[in-house]
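Trainee: Below is a structure I'd like to ask you about.
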Protein chains: 2
Amino acid sequence: MLNKSDCQKCSNDKNSIFKLLNKQERSVFENNKQCTSYKKNEIIFKEGDMPSGLICLCSGKVKLIKEGVGGRDQIIRMENSVNFIGFRALFAGEHYIASAVAIEDCTLCYLEKKTLDKLIRANGSFALKIITILAKELGVSNERTLSLTQKHIRGRLAESLLVLINTFGYEDDGKTIKVYLSREDLANLSNMTTSNAIRTLSMFASEGVISIEGRRLSVEQFETLKNISSLG
Amino acid sequence: MLNKSDCQKCSNDKNSIFKLLNKQERSVFENNKQCTSYKKNEIIFKEGDMPSGLICLCSGKVKLIKEGVGGRDQIIRMENSVNFIGFRALFAGEHYIASAVAIEDCTLCYLEKKTLDKLIRANGSFALKIITILAKELGVSNERTLSLTQKHIRGRLAESLLVLINTFGYEDDGKTIKVYLSREDLANLSNMTTSNAIRTLSMFASEGVISIEGRRLSVEQFETLKNISSLG
DNA sequence: TTAAATTTGTGTTATAAAACACGTATATTG
DNA sequence: CAATATACGTGTTTTATAACACAAATTTAA
């Protein structure tokens, strides 16, 4: 367990929902949160586990992965800090439907469900904010279902790259995607086999849309990538 | 516009979330709601429209349909009364991402967003209930994505039939699914072409799993149907 | 610093499901 | 009621993508 001071991002980040809390509510949060850390490739929680509190990813990156039919895993979401993970199951009162795996060293902090509920009941703006987050996420999920079921391989992979850009942004060169995934992860994110992810990725490279250096992917033609994604 | 008394189900239904409101809040709701009706096949709202309030489906059945790649529509949800429709977009503050179409004559009632927000801010249990509904729905959507992308045709169609049973139940005979859809709708719900829905449906019938009389589908072997669904 | 394991890359084959074509049955409408 | 549109049913062909196989490169561990 880390010292609380190691993990201030969850409340100080510019987009933190905890900024909606008043001084007194804020101190309830600060006094009850617990901080911890995970190394790269460690499992933060497992599909089927029961959540017991709200987890905020303060630093590092996480993949949320779901076991599919016949061992074909599906990455249902990539999460960057500072953001929550596993809140869906918590709010639904259900078991986790996906496992969270650190793809980089992570620090995260944890707030008991009981305390969270207290804050939601006490602060209507806070409640409405959570409602908005869930509703937006549901929209993303519905759109994703359509993409993964109807787009062709190229469209699905292009879309995944756009999602990664959106979630993690670029390195300082302004074109290298700031996350380094295996081809298998890219495949599980795009609902295809690893071989097809590899093949399609090199097609993109040979067309000049991206350039590749191992797991380092740089976007050379953003508009083309968007076109490939939207044309299916 | 119908008289308010035509539409009491939204607050009197045994599962109505409005039962969480106190007397005073309840009267705010009753005094502000507006009731209306739609005929079979009428469009209640269109994908791209901006929602302006909460819609409660008091009687009738609705399909929520999303335009796909190259005109291949996808039914993202079937809704029975008494339940809300279009609340995702409302809470997200976004445009509708699907159209709602009456598949039977419907009555519905409508509550302005402003009034709804007031109730959410005022009543923490009400807020938490909405959070739970959204979180559960997000879980359903995530599971659905996996099924539609990884299960084979038979598994997808079997799952759709189970969803329909779950949503609409059986007729008095205890085996006929209480909703009557075209083969095209069944296909759009199961992410397949109409021909494949027809073919697979008759396969199920010839195997004795279901029996068919036009759009009337009766489940003869529920456990087998569940097996087909889960084995992919 | 080798050896083993994992990841990446590429070509070939197999297959599930779409696309197409067309006939029949059932609704809808003038 | 006839005429037309819509929905249903079935066989055939095509195709996108999975499955398989295996080599090379890279990483991890011994």
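For the structure tokens, the naming scheme is as follows: chains receive sequential letters (A, B, ...) according to their order of presentation, residues are indexed from 1 within each chain, and ligands are indexed from 1 in presentation order.
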With 10 Å as the limit and counting only C-alpha atoms (C1' of nucleotides), what residues in chain A lie close to chain C? Please list them as a ChimeraX atom specification.
Mentor: /A:182-184,194-195,198-199,202,214
Trainee: I need the residues from that last selection saved to file as a compact mmCIF listing (two decimals), in the first residue's frame (with C-alpha atoms), if you can.
Mentor:
```
# COMPACT_ATOMS: atom_id res chain seq x y z
CA SER A 182 1.57 -6.54 -29.35
CA ARG A 183 0.06 -7.53 -32.67
CA GLU A 184 -2.10 -9.95 -30.70
CA THR A 194 -3.21 -12.04 -35.09
CA SER A 195 -2.04 -12.98 -38.59
CA ILE A 198 -0.02 -8.27 -38.88
CA ARG A 199 -0.88 -8.50 -42.55
CA SER A 202 1.94 -4.05 -43.11
CA GLY A 214 8.37 -2.93 -34.07
```
Trainee: Could the residues of chain A that have an atom at most 8 Å from chain B be listed as a Markdown table, each with its closest atom pair and the distance in Å to one decimal, counting only C-alpha atoms and ordered by chain and ascending residue number?
Mentor:
```
| residue | atom | partner | partner_atom | distance |
| --- | --- | --- | --- | --- |
| A:Gly68 | CA | B:Leu146 | CA | 6.7 |
| A:Val69 | CA | B:Gln150 | CA | 6.2 |
| A:Gln74 | CA | B:Leu146 | CA | 7.4 |
| A:Ile76 | CA | B:Asn142 | CA | 7.4 |
| A:Arg88 | CA | B:Ala135 | CA | 5.1 |
| A:Ala89 | CA | B:Ala135 | CA | 7.0 |
| A:Phe91 | CA | B:Thr132 | CA | 5.4 |
| A:Ala92 | CA | B:Thr132 | CA | 4.7 |
| A:Gly93 | CA | B:Thr132 | CA | 7.5 |
| A:Ile97 | CA | B:Gly139 | CA | 7.3 |
| A:Asp117 | CA | B:Leu128 | CA | 7.8 |
| A:Ile120 | CA | B:Gly124 | CA | 6.6 |
| A:Arg121 | CA | B:Gly124 | CA | 4.0 |
| A:Ala122 | CA | B:Gly124 | CA | 6.8 |
| A:Asn123 | CA | B:Arg121 | CA | 7.3 |
| A:Gly124 | CA | B:Arg121 | CA | 4.0 |
| A:Ser125 | CA | B:Arg121 | CA | 6.7 |
| A:Ala127 | CA | B:Ala127 | CA | 6.3 |
| A:Leu128 | CA | B:Ile120 | CA | 7.3 |
| A:Ile130 | CA | B:Ile131 | CA | 7.3 |
| A:Ile131 | CA | B:Ile131 | CA | 5.6 |
| A:Thr132 | CA | B:Ala92 | CA | 4.7 |
| A:Ile133 | CA | B:Ala92 | CA | 7.1 |
| A:Leu134 | CA | B:Leu134 | CA | 6.2 |
| A:Ala135 | CA | B:Ala92 | CA | 4.9 |
| A:Lys136 | CA | B:Ala92 | CA | 5.1 |
| A:Glu137 | CA | B:Leu138 | CA | 7.5 |
| A:Leu138 | CA | B:Leu138 | CA | 5.2 |
| A:Gly139 | CA | B:Arg88 | CA | 7.3 |
| A:Ser141 | CA | B:Ser141 | CA | 6.4 |
| A:Asn142 | CA | B:Ser141 | CA | 6.6 |
| A:Arg144 | CA | B:Thr145 | CA | 7.7 |
| A:Thr145 | CA | B:Thr145 | CA | 5.0 |
| A:Leu146 | CA | B:Gly68 | CA | 6.7 |
| A:Leu148 | CA | B:Thr149 | CA | 6.7 |
| A:Thr149 | CA | B:Thr149 | CA | 5.6 |
| A:Gln150 | CA | B:Val69 | CA | 6.2 |
| A:Lys151 | CA | B:Val69 | CA | 6.9 |
| A:Asn191 | CA | B:Thr149 | CA | 7.2 |
| A:Leu231 | CA | B:Val69 | CA | 8.0 |
| A:Gly232 | CA | B:Val69 | CA | 6.9 |
```
Trainee: Per residue of chain D within 9 Å of chain A, which atom pair is closest and at what distance in Å (one decimal), using only C-alpha atoms (C1' of nucleotides), listed by chain and increasing number, as JSON lines?
Mentor:
```
{"residue": "D:DA16", "atom": "C1'", "partner": "A:His152", "partner_atom": "CA", "distance": 8.1}
{"residue": "D:DT17", "atom": "C1'", "partner": "A:Asn196", "partner_atom": "CA", "distance": 8.2}
{"residue": "D:DA18", "atom": "C1'", "partner": "A:Thr193", "partner_atom": "CA", "distance": 7.3}
```
Trainee: Run DSSP on the backbone of this structure and report the residues of region 42-202 of chain B it assigns to helix (DSSP H, G or I), as an mmCIF file with N, CA, C and O atoms, in the first residue's frame.
Mentor:
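The file below, selection.cif, is the result:
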```cif
data_model
loop_
_atom_site.group_PDB
_atom_site.id
_atom_site.type_symbol
_atom_site.label_atom_id
_atom_site.label_comp_id
_atom_site.auth_asym_id
_atom_site.auth_seq_id
_atom_site.Cartn_x
_atom_site.Cartn_y
_atom_site.Cartn_z
ATOM 1 N N VAL B 69 -23.349 -0.190 -42.037
ATOM 2 C CA VAL B 69 -22.519 0.034 -43.206
ATOM 3 C C VAL B 69 -23.256 -0.488 -44.439
ATOM 4 O O VAL B 69 -23.684 -1.638 -44.469
ATOM 5 N N GLY B 70 -23.431 0.354 -45.450
ATOM 6 C CA GLY B 70 -24.073 -0.064 -46.692
ATOM 7 C C GLY B 70 -25.501 -0.543 -46.511
ATOM 8 O O GLY B 70 -25.898 -1.552 -47.069
ATOM 9 N N GLY B 71 -26.280 0.202 -45.698
ATOM 10 C CA GLY B 71 -27.698 -0.088 -45.572
ATOM 11 C C GLY B 71 -28.054 -1.323 -44.768
ATOM 12 O O GLY B 71 -29.229 -1.687 -44.681
ATOM 13 N N PHE B 87 -33.259 6.922 -23.434
ATOM 14 C CA PHE B 87 -32.703 7.624 -22.271
ATOM 15 C C PHE B 87 -31.190 7.758 -22.358
ATOM 16 O O PHE B 87 -30.615 8.667 -21.780
ATOM 17 N N ARG B 88 -30.525 6.868 -23.091
ATOM 18 C CA ARG B 88 -29.072 6.953 -23.191
ATOM 19 C C ARG B 88 -28.629 8.294 -23.754
ATOM 20 O O ARG B 88 -27.814 9.000 -23.161
ATOM 21 N N ALA B 89 -29.197 8.635 -24.920
ATOM 22 C CA ALA B 89 -28.848 9.897 -25.576
ATOM 23 C C ALA B 89 -29.203 11.080 -24.682
ATOM 24 O O ALA B 89 -28.447 12.050 -24.571
ATOM 25 N N LEU B 90 -30.346 10.988 -24.032
ATOM 26 C CA LEU B 90 -30.785 12.070 -23.139
ATOM 27 C C LEU B 90 -29.755 12.317 -22.043
ATOM 28 O O LEU B 90 -29.325 13.449 -21.818
ATOM 29 N N PHE B 91 -29.346 11.251 -21.373
ATOM 30 C CA PHE B 91 -28.413 11.398 -20.257
ATOM 31 C C PHE B 91 -27.001 11.761 -20.731
ATOM 32 O O PHE B 91 -26.254 12.436 -20.024
ATOM 33 N N ALA B 92 -26.640 11.302 -21.930
ATOM 34 C CA ALA B 92 -25.311 11.618 -22.446
ATOM 35 C C ALA B 92 -25.256 13.043 -22.985
ATOM 36 O O ALA B 92 -24.190 13.594 -23.194
ATOM 37 N N LYS B 113 -36.477 17.089 -19.818
ATOM 38 C CA LYS B 113 -35.152 16.870 -19.231
ATOM 39 C C LYS B 113 -34.961 17.715 -17.968
ATOM 40 O O LYS B 113 -34.441 17.240 -16.954
ATOM 41 N N LYS B 114 -35.418 18.961 -18.030
ATOM 42 C CA LYS B 114 -35.221 19.895 -16.915
ATOM 43 C C LYS B 114 -35.873 19.367 -15.638
ATOM 44 O O LYS B 114 -35.262 19.371 -14.566
ATOM 45 N N THR B 115 -37.096 18.877 -15.803
ATOM 46 C CA THR B 115 -37.814 18.336 -14.645
ATOM 47 C C THR B 115 -37.143 17.075 -14.127
ATOM 48 O O THR B 115 -36.991 16.870 -12.916
ATOM 49 N N LEU B 116 -36.707 16.233 -15.064
ATOM 50 C CA LEU B 116 -36.032 14.990 -14.692
ATOM 51 C C LEU B 116 -34.762 15.290 -13.892
ATOM 52 O O LEU B 116 -34.521 14.692 -12.838
ATOM 53 N N ASP B 117 -33.959 16.229 -14.395
ATOM 54 C CA ASP B 117 -32.723 16.601 -13.698
ATOM 55 C C ASP B 117 -33.015 17.077 -12.286
ATOM 56 O O ASP B 117 -32.283 16.742 -11.346
ATOM 57 N N LYS B 118 -34.079 17.846 -12.156
ATOM 58 C CA LYS B 118 -34.466 18.335 -10.832
ATOM 59 C C LYS B 118 -34.724 17.160 -9.888
ATOM 60 O O LYS B 118 -34.260 17.145 -8.751
ATOM 61 N N LEU B 119 -35.439 16.167 -10.391
ATOM 62 C CA LEU B 119 -35.759 14.991 -9.570
ATOM 63 C C LEU B 119 -34.491 14.210 -9.218
ATOM 64 O O LEU B 119 -34.340 13.737 -8.089
ATOM 65 N N ILE B 120 -33.586 14.087 -10.176
ATOM 66 C CA ILE B 120 -32.331 13.363 -9.923
ATOM 67 C C ILE B 120 -31.502 14.068 -8.856
ATOM 68 O O ILE B 120 -30.964 13.444 -7.939
ATOM 69 N N ARG B 121 -31.432 15.400 -8.976
ATOM 70 C CA ARG B 121 -30.659 16.172 -8.004
ATOM 71 C C ARG B 121 -31.269 16.093 -6.604
ATOM 72 O O ARG B 121 -30.564 16.097 -5.599
ATOM 73 N N ALA B 122 -32.598 16.004 -6.592
ATOM 74 C CA ALA B 122 -33.289 16.054 -5.301
ATOM 75 C C ALA B 122 -33.271 14.704 -4.580
ATOM 76 O O ALA B 122 -33.292 14.647 -3.352
ATOM 77 N N GLY B 124 -31.438 11.105 -4.125
ATOM 78 C CA GLY B 124 -30.244 10.296 -4.335
ATOM 79 C C GLY B 124 -30.535 8.858 -4.702
ATOM 80 O O GLY B 124 -29.830 8.262 -5.527
ATOM 81 N N SER B 125 -31.601 8.286 -4.131
ATOM 82 C CA SER B 125 -31.939 6.895 -4.455
ATOM 83 C C SER B 125 -32.384 6.786 -5.904
ATOM 84 O O SER B 125 -32.073 5.818 -6.598
ATOM 85 N N PHE B 126 -33.116 7.805 -6.323
ATOM 86 C CA PHE B 126 -33.574 7.884 -7.716
ATOM 87 C C PHE B 126 -32.356 7.953 -8.646
ATOM 88 O O PHE B 126 -32.267 7.218 -9.638
ATOM 89 N N ALA B 127 -31.402 8.791 -8.277
ATOM 90 C CA ALA B 127 -30.171 8.941 -9.058
ATOM 91 C C ALA B 127 -29.409 7.620 -9.129
ATOM 92 O O ALA B 127 -28.995 7.173 -10.213
ATOM 93 N N LEU B 128 -29.255 6.973 -7.979
ATOM 94 C CA LEU B 128 -28.524 5.704 -7.933
ATOM 95 C C LEU B 128 -29.210 4.626 -8.770
ATOM 96 O O LEU B 128 -28.556 3.800 -9.397
ATOM 97 N N LYS B 129 -30.548 4.663 -8.787
ATOM 98 C CA LYS B 129 -31.294 3.687 -9.572
ATOM 99 C C LYS B 129 -31.006 3.875 -11.060
ATOM 100 O O LYS B 129 -30.796 2.896 -11.789
ATOM 101 N N ILE B 130 -30.964 5.108 -11.490
ATOM 102 C CA ILE B 130 -30.674 5.390 -12.899
ATOM 103 C C ILE B 130 -29.246 4.967 -13.240
ATOM 104 O O ILE B 130 -28.987 4.387 -14.296
ATOM 105 N N ILE B 131 -28.330 5.221 -12.320
ATOM 106 C CA ILE B 131 -26.945 4.786 -12.507
ATOM 107 C C ILE B 131 -26.884 3.271 -12.680
ATOM 108 O O ILE B 131 -26.216 2.752 -13.578
ATOM 109 N N THR B 132 -27.635 2.561 -11.857
ATOM 110 C CA THR B 132 -27.659 1.098 -11.943
ATOM 111 C C THR B 132 -28.218 0.620 -13.286
ATOM 112 O O THR B 132 -27.671 -0.288 -13.915
ATOM 113 N N ILE B 133 -29.304 1.243 -13.711
ATOM 114 C CA ILE B 133 -29.916 0.861 -14.991
ATOM 115 C C ILE B 133 -28.920 1.022 -16.136
ATOM 116 O O ILE B 133 -28.738 0.125 -16.966
ATOM 117 N N LEU B 134 -28.243 2.163 -16.171
ATOM 118 C CA LEU B 134 -27.273 2.421 -17.238
ATOM 119 C C LEU B 134 -26.109 1.437 -17.183
ATOM 120 O O LEU B 134 -25.660 0.927 -18.212
ATOM 121 N N ALA B 135 -25.631 1.164 -15.975
ATOM 122 C CA ALA B 135 -24.481 0.263 -15.823
ATOM 123 C C ALA B 135 -24.844 -1.147 -16.280
ATOM 124 O O ALA B 135 -24.060 -1.823 -16.957
ATOM 125 N N LYS B 136 -26.061 -1.592 -15.944
ATOM 126 C CA LYS B 136 -26.495 -2.922 -16.377
ATOM 127 C C LYS B 136 -26.615 -2.978 -17.891
ATOM 128 O O LYS B 136 -26.205 -3.948 -18.529
ATOM 129 N N GLU B 137 -27.169 -1.924 -18.441
ATOM 130 C CA GLU B 137 -27.343 -1.860 -19.889
ATOM 131 C C GLU B 137 -25.988 -1.909 -20.604
ATOM 132 O O GLU B 137 -25.840 -2.556 -21.640
ATOM 133 N N LEU B 138 -25.007 -1.244 -20.024
ATOM 134 C CA LEU B 138 -23.659 -1.257 -20.598
ATOM 135 C C LEU B 138 -23.077 -2.668 -20.566
ATOM 136 O O LEU B 138 -22.405 -3.096 -21.517
ATOM 137 N N GLY B 139 -23.368 -3.399 -19.525
ATOM 138 C CA GLY B 139 -22.928 -4.789 -19.444
ATOM 139 C C GLY B 139 -23.562 -5.626 -20.539
ATOM 140 O O GLY B 139 -22.886 -6.399 -21.223
ATOM 141 N N VAL B 140 -24.864 -5.452 -20.722
ATOM 142 C CA VAL B 140 -25.579 -6.173 -21.773
ATOM 143 C C VAL B 140 -24.949 -5.874 -23.129
ATOM 144 O O VAL B 140 -24.713 -6.776 -23.937
ATOM 145 N N SER B 141 -24.647 -4.612 -23.353
ATOM 146 C CA SER B 141 -24.072 -4.200 -24.630
ATOM 147 C C SER B 141 -22.698 -4.832 -24.859
ATOM 148 O O SER B 141 -22.380 -5.292 -25.959
ATOM 149 N N ASN B 142 -21.880 -4.879 -23.807
ATOM 150 C CA ASN B 142 -20.560 -5.496 -23.933
ATOM 151 C C ASN B 142 -20.657 -6.987 -24.236
ATOM 152 O O ASN B 142 -19.913 -7.514 -25.064
ATOM 153 N N GLU B 143 -21.582 -7.646 -23.568
ATOM 154 C CA GLU B 143 -21.789 -9.072 -23.817
ATOM 155 C C GLU B 143 -22.273 -9.298 -25.247
ATOM 156 O O GLU B 143 -21.856 -10.237 -25.929
ATOM 157 N N ARG B 144 -23.154 -8.419 -25.670
ATOM 158 C CA ARG B 144 -23.733 -8.525 -27.002
ATOM 159 C C ARG B 144 -22.668 -8.371 -28.084
ATOM 160 O O ARG B 144 -22.682 -9.095 -29.082
ATOM 161 N N THR B 145 -21.758 -7.443 -27.859
ATOM 162 C CA THR B 145 -20.670 -7.244 -28.818
ATOM 163 C C THR B 145 -19.897 -8.538 -29.001
ATOM 164 O O THR B 145 -19.613 -8.966 -30.124
ATOM 165 N N LEU B 146 -19.581 -9.181 -27.886
ATOM 166 C CA LEU B 146 -18.844 -10.437 -27.958
ATOM 167 C C LEU B 146 -19.638 -11.500 -28.713
ATOM 168 O O LEU B 146 -19.104 -12.192 -29.588
ATOM 169 N N SER B 147 -20.905 -11.645 -28.391
ATOM 170 C CA SER B 147 -21.738 -12.660 -29.042
ATOM 171 C C SER B 147 -21.836 -12.418 -30.543
ATOM 172 O O SER B 147 -21.655 -13.341 -31.340
ATOM 173 N N LEU B 148 -22.141 -11.179 -30.897
ATOM 174 C CA LEU B 148 -22.364 -10.899 -32.319
ATOM 175 C C LEU B 148 -21.085 -11.025 -33.132
ATOM 176 O O LEU B 148 -21.123 -11.318 -34.327
ATOM 177 N N THR B 149 -19.933 -10.811 -32.496
ATOM 178 C CA THR B 149 -18.688 -10.902 -33.251
ATOM 179 C C THR B 149 -18.113 -12.312 -33.261
ATOM 180 O O THR B 149 -17.427 -12.680 -34.198
ATOM 181 N N GLN B 150 -18.365 -13.098 -32.209
ATOM 182 C CA GLN B 150 -17.671 -14.369 -32.122
ATOM 183 C C GLN B 150 -18.530 -15.614 -32.318
ATOM 184 O O GLN B 150 -18.025 -16.657 -32.728
ATOM 185 N N ILE B 153 -23.570 -18.300 -36.796
ATOM 186 C CA ILE B 153 -24.952 -17.950 -37.121
ATOM 187 C C ILE B 153 -25.975 -18.617 -36.204
ATOM 188 O O ILE B 153 -26.851 -17.964 -35.650
ATOM 189 N N ARG B 154 -25.862 -19.930 -36.030
ATOM 190 C CA ARG B 154 -26.833 -20.643 -35.199
ATOM 191 C C ARG B 154 -26.843 -20.088 -33.779
ATOM 192 O O ARG B 154 -27.909 -19.866 -33.192
ATOM 193 N N GLY B 155 -25.647 -19.851 -33.236
ATOM 194 C CA GLY B 155 -25.539 -19.323 -31.886
ATOM 195 C C GLY B 155 -26.143 -17.923 -31.767
ATOM 196 O O GLY B 155 -26.814 -17.616 -30.788
ATOM 197 N N ARG B 156 -25.903 -17.115 -32.779
ATOM 198 C CA ARG B 156 -26.428 -15.748 -32.737
ATOM 199 C C ARG B 156 -27.944 -15.727 -32.806
ATOM 200 O O ARG B 156 -28.605 -14.983 -32.080
ATOM 201 N N LEU B 157 -28.507 -16.555 -33.704
ATOM 202 C CA LEU B 157 -29.963 -16.577 -33.825
ATOM 203 C C LEU B 157 -30.601 -17.154 -32.558
ATOM 204 O O LEU B 157 -31.585 -16.608 -32.050
ATOM 205 N N ALA B 158 -30.014 -18.230 -32.039
ATOM 206 C CA ALA B 158 -30.537 -18.826 -30.802
ATOM 207 C C ALA B 158 -30.516 -17.792 -29.683
ATOM 208 O O ALA B 158 -31.485 -17.636 -28.933
ATOM 209 N N GLU B 159 -29.409 -17.054 -29.593
ATOM 210 C CA GLU B 159 -29.326 -16.029 -28.558
ATOM 211 C C GLU B 159 -30.406 -14.966 -28.743
ATOM 212 O O GLU B 159 -31.026 -14.534 -27.770
ATOM 213 N N SER B 160 -30.651 -14.571 -29.980
ATOM 214 C CA SER B 160 -31.694 -13.568 -30.228
ATOM 215 C C SER B 160 -33.053 -14.061 -29.758
ATOM 216 O O SER B 160 -33.831 -13.307 -29.165
ATOM 217 N N LEU B 161 -33.346 -15.326 -30.025
ATOM 218 C CA LEU B 161 -34.626 -15.879 -29.578
ATOM 219 C C LEU B 161 -34.705 -15.834 -28.057
ATOM 220 O O LEU B 161 -35.742 -15.463 -27.482
ATOM 221 N N LEU B 162 -33.587 -16.150 -27.384
ATOM 222 C CA LEU B 162 -33.573 -16.097 -25.913
ATOM 223 C C LEU B 162 -33.795 -14.663 -25.416
ATOM 224 O O LEU B 162 -34.512 -14.434 -24.439
ATOM 225 N N VAL B 163 -33.195 -13.701 -26.121
ATOM 226 C CA VAL B 163 -33.394 -12.292 -25.768
ATOM 227 C C VAL B 163 -34.869 -11.922 -25.907
ATOM 228 O O VAL B 163 -35.449 -11.265 -25.038
ATOM 229 N N LEU B 164 -35.486 -12.375 -26.984
ATOM 230 C CA LEU B 164 -36.900 -12.058 -27.210
ATOM 231 C C LEU B 164 -37.779 -12.673 -26.123
ATOM 232 O O LEU B 164 -38.709 -12.044 -25.617
ATOM 233 N N ILE B 165 -37.467 -13.924 -25.750
ATOM 234 C CA ILE B 165 -38.212 -14.590 -24.675
ATOM 235 C C ILE B 165 -38.071 -13.784 -23.386
ATOM 236 O O ILE B 165 -39.032 -13.534 -22.666
ATOM 237 N N ASN B 166 -36.844 -13.347 -23.136
ATOM 238 C CA ASN B 166 -36.553 -12.592 -21.924
ATOM 239 C C ASN B 166 -37.281 -11.250 -21.881
ATOM 240 O O ASN B 166 -37.749 -10.815 -20.843
ATOM 241 N N THR B 167 -37.353 -10.631 -23.030
ATOM 242 C CA THR B 167 -37.953 -9.288 -23.096
ATOM 243 C C THR B 167 -39.473 -9.345 -23.153
ATOM 244 O O THR B 167 -40.152 -8.541 -22.521
ATOM 245 N N PHE B 168 -40.015 -10.295 -23.926
ATOM 246 C CA PHE B 168 -41.452 -10.272 -24.181
ATOM 247 C C PHE B 168 -42.196 -11.445 -23.562
ATOM 248 O O PHE B 168 -43.420 -11.424 -23.489
ATOM 249 N N ARG B 183 -38.745 -11.861 -40.682
ATOM 250 C CA ARG B 183 -37.447 -12.539 -40.770
ATOM 251 C C ARG B 183 -36.329 -11.504 -40.886
ATOM 252 O O ARG B 183 -35.226 -11.714 -40.378
ATOM 253 N N GLU B 184 -36.629 -10.404 -41.545
ATOM 254 C CA GLU B 184 -35.626 -9.347 -41.696
ATOM 255 C C GLU B 184 -35.247 -8.753 -40.335
ATOM 256 O O GLU B 184 -34.069 -8.537 -40.041
ATOM 257 N N ASP B 185 -36.262 -8.510 -39.498
ATOM 258 C CA ASP B 185 -35.977 -8.000 -38.152
ATOM 259 C C ASP B 185 -35.151 -8.999 -37.348
ATOM 260 O O ASP B 185 -34.199 -8.624 -36.665
ATOM 261 N N LEU B 186 -35.514 -10.265 -37.447
ATOM 262 C CA LEU B 186 -34.736 -11.298 -36.748
ATOM 263 C C LEU B 186 -33.285 -11.299 -37.227
ATOM 264 O O LEU B 186 -32.357 -11.454 -36.435
ATOM 265 N N ALA B 187 -33.110 -11.100 -38.536
ATOM 266 C CA ALA B 187 -31.770 -11.054 -39.110
ATOM 267 C C ALA B 187 -30.999 -9.839 -38.584
ATOM 268 O O ALA B 187 -29.849 -9.953 -38.167
ATOM 269 N N ASN B 188 -31.667 -8.685 -38.566
ATOM 270 C CA ASN B 188 -31.000 -7.461 -38.108
ATOM 271 C C ASN B 188 -30.679 -7.499 -36.612
ATOM 272 O O ASN B 188 -29.785 -6.807 -36.143
ATOM 273 N N LEU B 189 -31.422 -8.309 -35.910
ATOM 274 C CA LEU B 189 -31.166 -8.478 -34.480
ATOM 275 C C LEU B 189 -29.997 -9.436 -34.262
ATOM 276 O O LEU B 189 -29.299 -9.361 -33.246
ATOM 277 N N SER B 190 -29.768 -10.324 -35.219
ATOM 278 C CA SER B 190 -28.773 -11.378 -35.043
ATOM 279 C C SER B 190 -27.535 -11.168 -35.896
ATOM 280 O O SER B 190 -26.682 -12.052 -35.972
ATOM 281 N N THR B 194 -30.998 -11.754 -44.246
ATOM 282 C CA THR B 194 -32.348 -12.284 -44.101
ATOM 283 C C THR B 194 -32.410 -13.748 -44.544
ATOM 284 O O THR B 194 -33.004 -14.581 -43.857
ATOM 285 N N SER B 195 -31.767 -14.063 -45.668
ATOM 286 C CA SER B 195 -31.788 -15.464 -46.138
ATOM 287 C C SER B 195 -31.224 -16.405 -45.086
ATOM 288 O O SER B 195 -31.762 -17.494 -44.873
ATOM 289 N N ASN B 196 -30.140 -15.988 -44.437
ATOM 290 C CA ASN B 196 -29.556 -16.866 -43.428
ATOM 291 C C ASN B 196 -30.437 -17.001 -42.195
ATOM 292 O O ASN B 196 -30.470 -18.060 -41.571
ATOM 293 N N ALA B 197 -31.171 -15.929 -41.852
ATOM 294 C CA ALA B 197 -32.105 -16.031 -40.732
ATOM 295 C C ALA B 197 -33.200 -17.029 -41.063
ATOM 296 O O ALA B 197 -33.537 -17.900 -40.252
ATOM 297 N N ILE B 198 -33.740 -16.947 -42.279
ATOM 298 C CA ILE B 198 -34.795 -17.860 -42.726
ATOM 299 C C ILE B 198 -34.299 -19.305 -42.692
ATOM 300 O O ILE B 198 -34.927 -20.196 -42.128
ATOM 301 N N ARG B 199 -33.158 -19.507 -43.301
ATOM 302 C CA ARG B 199 -32.561 -20.836 -43.387
ATOM 303 C C ARG B 199 -32.325 -21.433 -41.996
ATOM 304 O O ARG B 199 -32.714 -22.569 -41.713
ATOM 305 N N THR B 200 -31.691 -20.637 -41.133
ATOM 306 C CA THR B 200 -31.333 -21.147 -39.810
ATOM 307 C C THR B 200 -32.581 -21.416 -38.974
ATOM 308 O O THR B 200 -32.653 -22.407 -38.242
ATOM 309 N N LEU B 201 -33.581 -20.539 -39.132
ATOM 310 C CA LEU B 201 -34.839 -20.730 -38.422
ATOM 311 C C LEU B 201 -35.481 -22.055 -38.838
ATOM 312 O O LEU B 201 -35.951 -22.824 -37.987
ATOM 313 N N SER B 202 -35.482 -22.345 -40.141
ATOM 314 C CA SER B 202 -36.108 -23.611 -40.549
ATOM 315 C C SER B 202 -35.261 -24.810 -40.137
ATOM 316 O O SER B 202 -35.806 -25.880 -39.867
#
```
Trainee: Go ahead and compute the interatomic distance for CA of Ile44 (chain A) and C1' of DT26 (chain D), in Å to one decimal.
Mentor: 27.7 Å
Trainee: Identify which of the residues A:Ser218, A:Asn31, A:Ser11, A:Ser229 lies closest to Phe84 (chain A), counting only C-alpha atoms when measuring atom-to-atom distances.
Mentor: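 Closest to Phe84 (chain A), using only C-alpha atoms: A:Ser11.
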Trainee: Using the chain letters and numbers from this document, which residues of region 7-226 of chain B does DSSP assign to strand (DSSP E or B), as a VMD selection string?
Mentor: chain B and resid 34 to 38 43 to 45 53 to 59 61 to 66 74 to 80 83 to 85 99 to 102 106 to 112 170 176 to 177 210 to 213 216 to 219
